[in-house]
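Please read the structure below before turning to the comments.
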Amino acid sequence: MHEMSICERIVQVLEEQARTHCYQRVKKVWLEIGPLAGVELEALRFSFEVVARGTLTEGAGLEIIQPPGEAWCLTCDKLVAIRERFDSCPECGGYRLRVTSGDQLRIKELQVE
Amino acid sequence: MCTVCGCNESETHVSAINKPLHYGQGSAHAHAPGLSQQRMVQIEKDILGKNDRYAQANRERLRQAGQLCINLVSSPGSGKTTLLSETLECLVGTIPLAVIEGDQQTSNDAERIRATGVPAIQVNTGKGCHLDAHMVGHALAKLPLAEHGILFIENVGNLVCPAAFDLGEAHKVVILSITEGEDKPLKYPDMFAAADLMVINKMDLQPYLDFDLDRCIGYARRVNPEIEVLRVSARSGEGMDAWLDWLQLRRQSLLCSQL
């Protein structure tokens, strides 16, 4: 969803950070995107290349770190792994799950010059 | 410069936000000798962090104005505007009301709302697929908000993108009409996970459809075990009392928390 506007935000953050961290070009960006963040990675890569054109991020490589999805099962009283919001608990098969991790949408680090 | 957030109003305004952001077109001002070599910078920034900061500012502003803010989300054609205008008809004159209408284009919906006598402001998102907290901040600045009222935000008809954008509301309410198919909560899980209440609308059409209500509610609770559910027909009035009670209860608990 809205991968283009997410990329616009990323480039905006990198422009702001350029002033704080005194860099002129971004060579590589590491993003952390969870499986529940609602982001289509291929669409994101495509949009990033387009949005970065003409900015200090033009041509930068994009590395995507994908943390696992996790939820707290209220029935089993423990953390379990999930891949989708509608997944059932792999232990008990129930759906009383509260998502605890997997919706990350963060810029982690940059390689700059 | 605008007084809401300090942005340049010529680039962003409430009536038409249709220009993409452009960066890096000016000359480079920063020159840092000795820093031309490649290096790593840890920044740890939430990509939607800026939206979340605007949303917090909106939430604080709404709290000060004693407003219950409800963000109505759904796919296009679920009957959001009809539900909203029927709701306003029932409540107008009893409590202060206001509406922010989000659509890609046209001000048709705001005009429909104003016909009920309630102040409404239209936000056209242009190319955008969702309202964001920055747009809502601008709309709030222009909308008269009487104390202890309800502000409804009718989001752009889209079951995907508005899920990710906090606008500063107290509750997201997702409207699903029974002409849409009972598996929508599984097809668009993010929205049903983000909502506190699911209003199943167009219940008057049930005799003509194969919509499996229990299965739909089951799917929604798979995604969000805590989601509340109401069955409504904005057209026939069925279930409207329960919906109005839900709103009044939320409004009263907000008022009590502020005493």
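By order in the structure tokens, chains are A, B, ...; within a chain, residues start at 1; ligands start at 1, following the order shown.
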Which of chain A fall in helix (DSSP H, G or I), as a PyMOL selection string:
chain A and resi 3-21+41-52
Please report as a list of chain:residue names which residues of chain B come no farther than 6 Å from chain A, using only C-alpha atoms.
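So the contacting residues turn out to be B:Tyr23, B:Gly24, B:Ser36, B:Gln37, B:Gln38, B:Arg39, B:Met40, B:Val41, B:Gln42, B:Ile43, B:Glu44, B:Lys45, B:Asp46, B:Ile47, B:Cys161, B:Arg222, B:Val223, B:Pro225.
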For the selection you just gave me, I'd like the residues written to a file as a PDB file, in the first residue's frame, keeping N, CA, C and O atoms.
```
ATOM      1  N   TYR B  23      12.593  17.042  -3.515  1.00  0.00           N
ATOM      2  CA  TYR B  23      13.744  17.291  -2.645  1.00  0.00           C
ATOM      3  C   TYR B  23      15.005  17.440  -3.459  1.00  0.00           C
ATOM      4  O   TYR B  23      15.108  16.938  -4.570  1.00  0.00           O
ATOM      5  N   GLY B  24      15.970  18.095  -2.831  1.00  0.00           N
ATOM      6  CA  GLY B  24      17.318  18.103  -3.382  1.00  0.00           C
ATOM      7  C   GLY B  24      17.443  18.842  -4.694  1.00  0.00           C
ATOM      8  O   GLY B  24      18.360  18.598  -5.471  1.00  0.00           O
ATOM      9  N   SER B  36      34.142  13.300   3.487  1.00  0.00           N
ATOM     10  CA  SER B  36      33.704  12.816   2.189  1.00  0.00           C
ATOM     11  C   SER B  36      33.796  11.300   2.081  1.00  0.00           C
ATOM     12  O   SER B  36      33.246  10.723   1.174  1.00  0.00           O
ATOM     13  N   GLN B  37      34.496  10.645   3.015  1.00  0.00           N
ATOM     14  CA  GLN B  37      34.603   9.199   2.937  1.00  0.00           C
ATOM     15  C   GLN B  37      33.299   8.535   3.370  1.00  0.00           C
ATOM     16  O   GLN B  37      32.562   9.078   4.178  1.00  0.00           O
ATOM     17  N   GLN B  38      33.116   7.333   2.860  1.00  0.00           N
ATOM     18  CA  GLN B  38      31.897   6.625   3.214  1.00  0.00           C
ATOM     19  C   GLN B  38      31.920   6.233   4.684  1.00  0.00           C
ATOM     20  O   GLN B  38      32.946   5.858   5.222  1.00  0.00           O
ATOM     21  N   ARG B  39      30.797   6.343   5.327  1.00  0.00           N
ATOM     22  CA  ARG B  39      30.694   5.946   6.726  1.00  0.00           C
ATOM     23  C   ARG B  39      29.263   5.503   7.002  1.00  0.00           C
ATOM     24  O   ARG B  39      28.367   5.720   6.183  1.00  0.00           O
ATOM     25  N   MET B  40      29.065   4.900   8.162  1.00  0.00           N
ATOM     26  CA  MET B  40      27.754   4.407   8.537  1.00  0.00           C
ATOM     27  C   MET B  40      27.109   5.374   9.526  1.00  0.00           C
ATOM     28  O   MET B  40      27.781   5.924  10.383  1.00  0.00           O
ATOM     29  N   VAL B  41      25.835   5.569   9.372  1.00  0.00           N
ATOM     30  CA  VAL B  41      25.078   6.412  10.313  1.00  0.00           C
ATOM     31  C   VAL B  41      23.887   5.594  10.819  1.00  0.00           C
ATOM     32  O   VAL B  41      23.088   5.092  10.025  1.00  0.00           O
ATOM     33  N   GLN B  42      23.793   5.455  12.128  1.00  0.00           N
ATOM     34  CA  GLN B  42      22.640   4.753  12.714  1.00  0.00           C
ATOM     35  C   GLN B  42      21.563   5.803  12.956  1.00  0.00           C
ATOM     36  O   GLN B  42      21.832   6.778  13.652  1.00  0.00           O
ATOM     37  N   ILE B  43      20.402   5.634  12.399  1.00  0.00           N
ATOM     38  CA  ILE B  43      19.398   6.672  12.669  1.00  0.00           C
ATOM     39  C   ILE B  43      18.147   6.154  13.365  1.00  0.00           C
ATOM     40  O   ILE B  43      17.532   6.873  14.121  1.00  0.00           O
ATOM     41  N   GLU B  44      17.738   4.916  13.114  1.00  0.00           N
ATOM     42  CA  GLU B  44      16.586   4.336  13.835  1.00  0.00           C
ATOM     43  C   GLU B  44      15.364   5.261  13.813  1.00  0.00           C
ATOM     44  O   GLU B  44      14.883   5.716  14.849  1.00  0.00           O
ATOM     45  N   LYS B  45      14.889   5.563  12.640  1.00  0.00           N
ATOM     46  CA  LYS B  45      13.735   6.475  12.533  1.00  0.00           C
ATOM     47  C   LYS B  45      12.516   5.721  12.031  1.00  0.00           C
ATOM     48  O   LYS B  45      12.592   5.013  11.019  1.00  0.00           O
ATOM     49  N   ASP B  46      11.393   5.920  12.683  1.00  0.00           N
ATOM     50  CA  ASP B  46      10.145   5.377  12.167  1.00  0.00           C
ATOM     51  C   ASP B  46       9.776   6.139  10.898  1.00  0.00           C
ATOM     52  O   ASP B  46       9.773   7.372  10.900  1.00  0.00           O
ATOM     53  N   ILE B  47       9.463   5.391   9.853  1.00  0.00           N
ATOM     54  CA  ILE B  47       9.175   6.051   8.578  1.00  0.00           C
ATOM     55  C   ILE B  47       7.906   6.891   8.673  1.00  0.00           C
ATOM     56  O   ILE B  47       7.798   7.952   8.087  1.00  0.00           O
ATOM     57  N   CYS B 161      -4.812   1.543   2.740  1.00  0.00           N
ATOM     58  CA  CYS B 161      -3.874   2.562   3.221  1.00  0.00           C
ATOM     59  C   CYS B 161      -4.298   3.284   4.501  1.00  0.00           C
ATOM     60  O   CYS B 161      -3.451   3.506   5.371  1.00  0.00           O
ATOM     61  N   ARG B 222     -10.782 -13.147  14.128  1.00  0.00           N
ATOM     62  CA  ARG B 222      -9.493 -13.814  13.933  1.00  0.00           C
ATOM     63  C   ARG B 222      -8.387 -12.767  13.856  1.00  0.00           C
ATOM     64  O   ARG B 222      -7.301 -12.944  14.376  1.00  0.00           O
ATOM     65  N   VAL B 223      -8.706 -11.692  13.139  1.00  0.00           N
ATOM     66  CA  VAL B 223      -7.716 -10.639  12.928  1.00  0.00           C
ATOM     67  C   VAL B 223      -7.603  -9.747  14.159  1.00  0.00           C
ATOM     68  O   VAL B 223      -6.530  -9.259  14.499  1.00  0.00           O
ATOM     69  N   PRO B 225      -9.253  -9.984  17.956  1.00  0.00           N
ATOM     70  CA  PRO B 225     -10.156 -10.659  18.908  1.00  0.00           C
ATOM     71  C   PRO B 225     -11.015  -9.692  19.717  1.00  0.00           C
ATOM     72  O   PRO B 225     -12.058 -10.081  20.236  1.00  0.00           O
TER      73      PRO B 225
END
```
If you run DSSP on this backbone, which residues of region 4-101 of chain A come out as strand (DSSP E or B), and could you give them as an MDAnalysis selection string?
chainID A and resid 26:33 61:65 69:73 78:82 97:101
Tell me, in Å to one decimal, how far CA of Asn124 (chain B) is from CA of Gly181 (chain B).
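CA of Gly181 (chain B) lies 28.5 Å from CA of Asn124 (chain B).
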Residue nearest Ala139 (chain B) - candidates B:Asn224, B:Asn108, B:Asn58, B:Ser257, atoms counted: only C-alpha atoms:
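Answer, going by the shortest atom-to-atom distance: B:Asn58.
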Near Val118 (chain B), counting only C-alpha atoms, which residues have an atom at most 7 Å away, once you skip same-chain residues fewer than 2 positions from it, shown as a compact mmCIF listing (two decimals) with N, CA and C atoms, in the first residue's frame?
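The new file out_9.txt reads:
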```txt
# COMPACT_ATOMS: atom_id res chain seq x y z
N LEU B 97 -21.62 18.91 16.56
CA LEU B 97 -21.09 17.95 15.58
C LEU B 97 -20.24 18.68 14.54
N ALA B 98 -19.29 17.98 13.99
CA ALA B 98 -18.50 18.52 12.88
C ALA B 98 -17.96 17.34 12.08
N ILE B 113 -23.20 16.48 3.60
CA ILE B 113 -23.16 16.63 5.04
C ILE B 113 -23.69 18.00 5.46
N ARG B 114 -23.28 19.04 4.74
CA ARG B 114 -23.71 20.39 5.10
C ARG B 114 -25.23 20.52 4.99
N THR B 116 -27.27 18.62 6.14
CA THR B 116 -27.86 18.24 7.44
C THR B 116 -27.71 19.37 8.47
N ALA B 120 -18.96 21.11 7.79
CA ALA B 120 -18.12 20.06 7.20
C ALA B 120 -17.06 20.72 6.34
```
Pick the closest to Leu244 (chain B) from B:Phe211, B:Val232, B:Glu226, B:Ile200: which is it, counting only C-alpha atoms?
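Closest to Leu244 (chain B), using only C-alpha atoms: B:Val232.
The closest residue to Leu209 (chain B), picked from B:Glu180, B:Lys80, B:Ser85, B:Met191 and counting only C-alpha atoms, is B:Glu180.
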Please compute the CA of Gly102 (chain B)-CA of Val156 (chain B) distance, one decimal, in Å.
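Calculated distance between CA of Gly102 (chain B) and CA of Val156 (chain B) is 5.1 Å.
As for CA of Ile178 (chain B) and CA of Arg235 (chain B), they are spaced 13.2 Å apart.
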